[in-house]
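Quick notes on the structure that follows.
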Amino acid sequence: MAVAWRCAGIRWVGGVPSLGWVRGAERRVSPLVYGRDLAFRAVGARACVGARGNVCPVGAAVSGRSTGGRCAECARLERAHSVAADTVADDPRTYRVYLAWFGPGMVKVGITREERGSVRLLEQGAVAFGWLGRGPLMAARRTEELLRSALGVPDRVPYAAKRAVRSALPRPEARVAEIQRMYEAAAGLEGWPPSLERIACAPVDHAGVFGLAGLPAATGVVGELVDGGRVTGRLIAAAGPDLHLAAVADSSVTVLDTRLMSGWELTGDSVGGEG
């Protein structure tokens with residue numbers, strides 16, 4: 001029996017939101033277009049998406065409410081090899097430290113591999129961001145900790161908080177100004193690692209990429225997918241893992257976290273899941 005394509009959640013490819021698909025070792029993506037209708041149905045049971053690009057060895061089932069989309073063992077393996085786990089101190093690659101802005105008073109600090117560019121910021125749904133510096137992993141880590149302790153800048157912002165403000169964002173100049181103020185405060189701190197090269201402040205705004213201009217307030221958020229469950233709507237915006245879908249009948253807006261889609265076989269011509 002042919003193995004079905006399963007969704008792998010959203011992918012930001014060249015600054016364009018796309019849905020990722022996996023079938024065994026095969027990978028593919030299907031771009032999403034604002035203004036187009038999506039309609040799909042979940043089929044069967046949700047399966048673990050595996051870890052580090054490998055399939056789950058036992059094909060474990062996963063709860064429909066899990067945003068991780070992995071069984072406990074695969075989740076452990078995935079995190080053990082992530083930058084967040086702090087287990088790869090000898091990583092020779094260059095990392096960048098950034099400030100990400102999600103809404104008024106919601107700025108976080110983080111790090112990402114330089115080779116990834118701004119993909120990490122798109123994945124997190126950062127409406128605006130600015131680079132602080134670049135250098136070895138541990139220097140980037142120490143800088144991140146410096147900002148967290150000295151300025152009280154968190155390294156995480158809950159997705160519920162991000163979603164709550166997307167339809168009522170201040171003007172672009174206000175977003176940039178907040179990034180600039182935080183940059184200046186960070187630049188004035190003592191204790192920056194000498195191996196971290198400073199980067200001049202040059203804020204980048206993602207509101208246009210995400211399609212946030214004139215975005216209506218969301219009236220609901222999908223909590224889980226189930227076998228036979230259908231999702232339909234017109235895609236009007238995408239930020240981080242979230243798709244904002246407008247109902248054709250009454251224009252009410254529902255947010256779908258695509259992390260809930262990972263591991264599902266989905267049918268429907270609009271999403272390109274069948275190859």
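Letters for chains follow the order of the structure tokens (A, B, ...), residue numbers begin at 1 for each chain, and ligand numbers begin at 1 in the order shown.
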- Query: Which polymer residues have any atom within 6 Å of an atom of segment 20-36 of chain A, counting only C-alpha atoms, with same-chain residues fewer than 3 positions away left out, as a list in words?
  - Reply: Trp5, Arg6, Cys7, Ala8, Gly9, Ile10, Arg11, Pro17, Arg234, Leu235 and Ile236 of chain A
Put those residues in a file: C-alpha atoms, as a PDB file, in the first residue's frame.
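Output file selection.pdb follows:
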ATOM      1  CA  TRP A   5       2.144  12.288   2.329  1.00  0.00           C
ATOM      2  CA  ARG A   6       1.871  13.804   5.811  1.00  0.00           C
ATOM      3  CA  CYS A   7       1.979  17.466   6.688  1.00  0.00           C
ATOM      4  CA  ALA A   8       5.123  18.831   8.344  1.00  0.00           C
ATOM      5  CA  GLY A   9       3.722  22.253   9.232  1.00  0.00           C
ATOM      6  CA  ILE A  10       4.708  25.612   7.822  1.00  0.00           C
ATOM      7  CA  ARG A  11       8.023  26.374   6.147  1.00  0.00           C
ATOM      8  CA  PRO A  17       4.933  30.733   3.701  1.00  0.00           C
ATOM      9  CA  ARG A 234      -9.487  32.217   2.870  1.00  0.00           C
ATOM     10  CA  LEU A 235      -5.862  32.761   3.806  1.00  0.00           C
ATOM     11  CA  ILE A 236      -5.446  36.445   4.692  1.00  0.00           C
TER      12      ILE A 236
END
- Message: Set the distance at 12 Å and use only C-alpha atoms: which residues neighbour Lys162 of chain A once local chain neighbours fewer than 4 positions away are removed? I'd like the list as a PyMOL selection string.
- Response: chain A and resi 100-108+124-127+156-158+166-169+218+239-242+255
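Taking atom CA of Ala186 of chain A and atom CA of Val204 of chain A as the two end points, the separation is 17.6 Å.
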- Could you pull the residues within 8 Å of segment 40-42 of chain A, counting only C-alpha atoms, minus those fewer than 6 positions along the same chain, as a VMD selection string? chain A and resid 225 to 232 264 to 271
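Every residue of segment 89-142 of chain A found in strand (DSSP E or B) when DSSP is run on the backbone appears here: Tyr95, Arg96, Val97, Tyr98, Leu99, Ala100, Trp101, Phe102, Gly103, Met106, Val107, Lys108, Val109, Gly110, Ile111, Thr112, Arg113, Ala128, Phe129, Gly130, Trp131, Leu132, Gly133, Arg134 and Gly135 of chain A.
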May I have the selected residues written with N, CA and C atoms, as a PDB file, in the first residue's frame?
ATOM      1  N   TYR A  95      27.120  32.402  14.798  1.00  0.00           N
ATOM      2  CA  TYR A  95      25.753  32.664  15.245  1.00  0.00           C
ATOM      3  C   TYR A  95      25.510  34.164  15.339  1.00  0.00           C
ATOM      4  N   ARG A  96      24.239  34.528  15.234  1.00  0.00           N
ATOM      5  CA  ARG A  96      23.842  35.922  15.379  1.00  0.00           C
ATOM      6  C   ARG A  96      22.892  36.076  16.573  1.00  0.00           C
ATOM      7  N   VAL A  97      23.027  37.210  17.246  1.00  0.00           N
ATOM      8  CA  VAL A  97      22.138  37.564  18.343  1.00  0.00           C
ATOM      9  C   VAL A  97      21.154  38.596  17.806  1.00  0.00           C
ATOM     10  N   TYR A  98      19.884  38.449  18.148  1.00  0.00           N
ATOM     11  CA  TYR A  98      18.878  39.360  17.607  1.00  0.00           C
ATOM     12  C   TYR A  98      17.914  39.825  18.692  1.00  0.00           C
ATOM     13  N   LEU A  99      17.234  40.932  18.398  1.00  0.00           N
ATOM     14  CA  LEU A  99      16.090  41.407  19.168  1.00  0.00           C
ATOM     15  C   LEU A  99      14.863  41.252  18.277  1.00  0.00           C
ATOM     16  N   ALA A 100      13.847  40.590  18.771  1.00  0.00           N
ATOM     17  CA  ALA A 100      12.622  40.378  17.999  1.00  0.00           C
ATOM     18  C   ALA A 100      11.464  41.100  18.676  1.00  0.00           C
ATOM     19  N   TRP A 101      10.646  41.798  17.868  1.00  0.00           N
ATOM     20  CA  TRP A 101       9.507  42.579  18.366  1.00  0.00           C
ATOM     21  C   TRP A 101       8.212  41.946  17.869  1.00  0.00           C
ATOM     22  N   PHE A 102       7.272  41.701  18.814  1.00  0.00           N
ATOM     23  CA  PHE A 102       6.007  41.061  18.467  1.00  0.00           C
ATOM     24  C   PHE A 102       4.801  41.963  18.722  1.00  0.00           C
ATOM     25  N   GLY A 103       5.012  43.012  19.476  1.00  0.00           N
ATOM     26  CA  GLY A 103       3.948  43.929  19.825  1.00  0.00           C
ATOM     27  C   GLY A 103       4.456  44.887  20.880  1.00  0.00           C
ATOM     28  N   MET A 106       6.620  43.849  23.871  1.00  0.00           N
ATOM     29  CA  MET A 106       6.951  42.432  23.690  1.00  0.00           C
ATOM     30  C   MET A 106       8.185  42.288  22.797  1.00  0.00           C
ATOM     31  N   VAL A 107       9.351  42.387  23.425  1.00  0.00           N
ATOM     32  CA  VAL A 107      10.630  42.217  22.733  1.00  0.00           C
ATOM     33  C   VAL A 107      11.364  41.059  23.384  1.00  0.00           C
ATOM     34  N   LYS A 108      11.926  40.190  22.574  1.00  0.00           N
ATOM     35  CA  LYS A 108      12.716  39.079  23.110  1.00  0.00           C
ATOM     36  C   LYS A 108      14.094  39.072  22.490  1.00  0.00           C
ATOM     37  N   VAL A 109      15.019  38.396  23.158  1.00  0.00           N
ATOM     38  CA  VAL A 109      16.365  38.228  22.626  1.00  0.00           C
ATOM     39  C   VAL A 109      16.545  36.764  22.270  1.00  0.00           C
ATOM     40  N   GLY A 110      17.312  36.501  21.216  1.00  0.00           N
ATOM     41  CA  GLY A 110      17.544  35.126  20.816  1.00  0.00           C
ATOM     42  C   GLY A 110      18.779  35.020  19.947  1.00  0.00           C
ATOM     43  N   ILE A 111      19.112  33.794  19.567  1.00  0.00           N
ATOM     44  CA  ILE A 111      20.252  33.564  18.679  1.00  0.00           C
ATOM     45  C   ILE A 111      19.825  32.614  17.567  1.00  0.00           C
ATOM     46  N   THR A 112      20.529  32.699  16.455  1.00  0.00           N
ATOM     47  CA  THR A 112      20.254  31.824  15.322  1.00  0.00           C
ATOM     48  C   THR A 112      21.540  31.656  14.523  1.00  0.00           C
ATOM     49  N   ARG A 113      21.663  30.552  13.806  1.00  0.00           N
ATOM     50  CA  ARG A 113      22.826  30.355  12.955  1.00  0.00           C
ATOM     51  C   ARG A 113      22.837  31.407  11.851  1.00  0.00           C
ATOM     52  N   ALA A 128       8.903  42.666  13.747  1.00  0.00           N
ATOM     53  CA  ALA A 128      10.103  43.440  13.428  1.00  0.00           C
ATOM     54  C   ALA A 128      11.273  42.842  14.196  1.00  0.00           C
ATOM     55  N   PHE A 129      12.473  43.054  13.688  1.00  0.00           N
ATOM     56  CA  PHE A 129      13.646  42.542  14.400  1.00  0.00           C
ATOM     57  C   PHE A 129      14.877  43.355  14.020  1.00  0.00           C
ATOM     58  N   GLY A 130      15.925  43.178  14.819  1.00  0.00           N
ATOM     59  CA  GLY A 130      17.201  43.811  14.515  1.00  0.00           C
ATOM     60  C   GLY A 130      18.334  42.948  15.029  1.00  0.00           C
ATOM     61  N   TRP A 131      19.427  42.894  14.264  1.00  0.00           N
ATOM     62  CA  TRP A 131      20.605  42.136  14.693  1.00  0.00           C
ATOM     63  C   TRP A 131      21.390  42.939  15.732  1.00  0.00           C
ATOM     64  N   LEU A 132      22.005  42.228  16.679  1.00  0.00           N
ATOM     65  CA  LEU A 132      22.865  42.847  17.677  1.00  0.00           C
ATOM     66  C   LEU A 132      24.340  42.541  17.435  1.00  0.00           C
ATOM     67  N   GLY A 133      24.630  41.296  17.091  1.00  0.00           N
ATOM     68  CA  GLY A 133      26.024  40.919  16.907  1.00  0.00           C
ATOM     69  C   GLY A 133      26.154  39.535  16.304  1.00  0.00           C
ATOM     70  N   ARG A 134      27.399  39.153  15.998  1.00  0.00           N
ATOM     71  CA  ARG A 134      27.670  37.852  15.400  1.00  0.00           C
ATOM     72  C   ARG A 134      28.983  37.325  15.961  1.00  0.00           C
ATOM     73  N   GLY A 135      29.069  35.998  16.081  1.00  0.00           N
ATOM     74  CA  GLY A 135      30.293  35.414  16.594  1.00  0.00           C
ATOM     75  C   GLY A 135      30.096  33.954  16.963  1.00  0.00           C
TER      76      GLY A 135
END
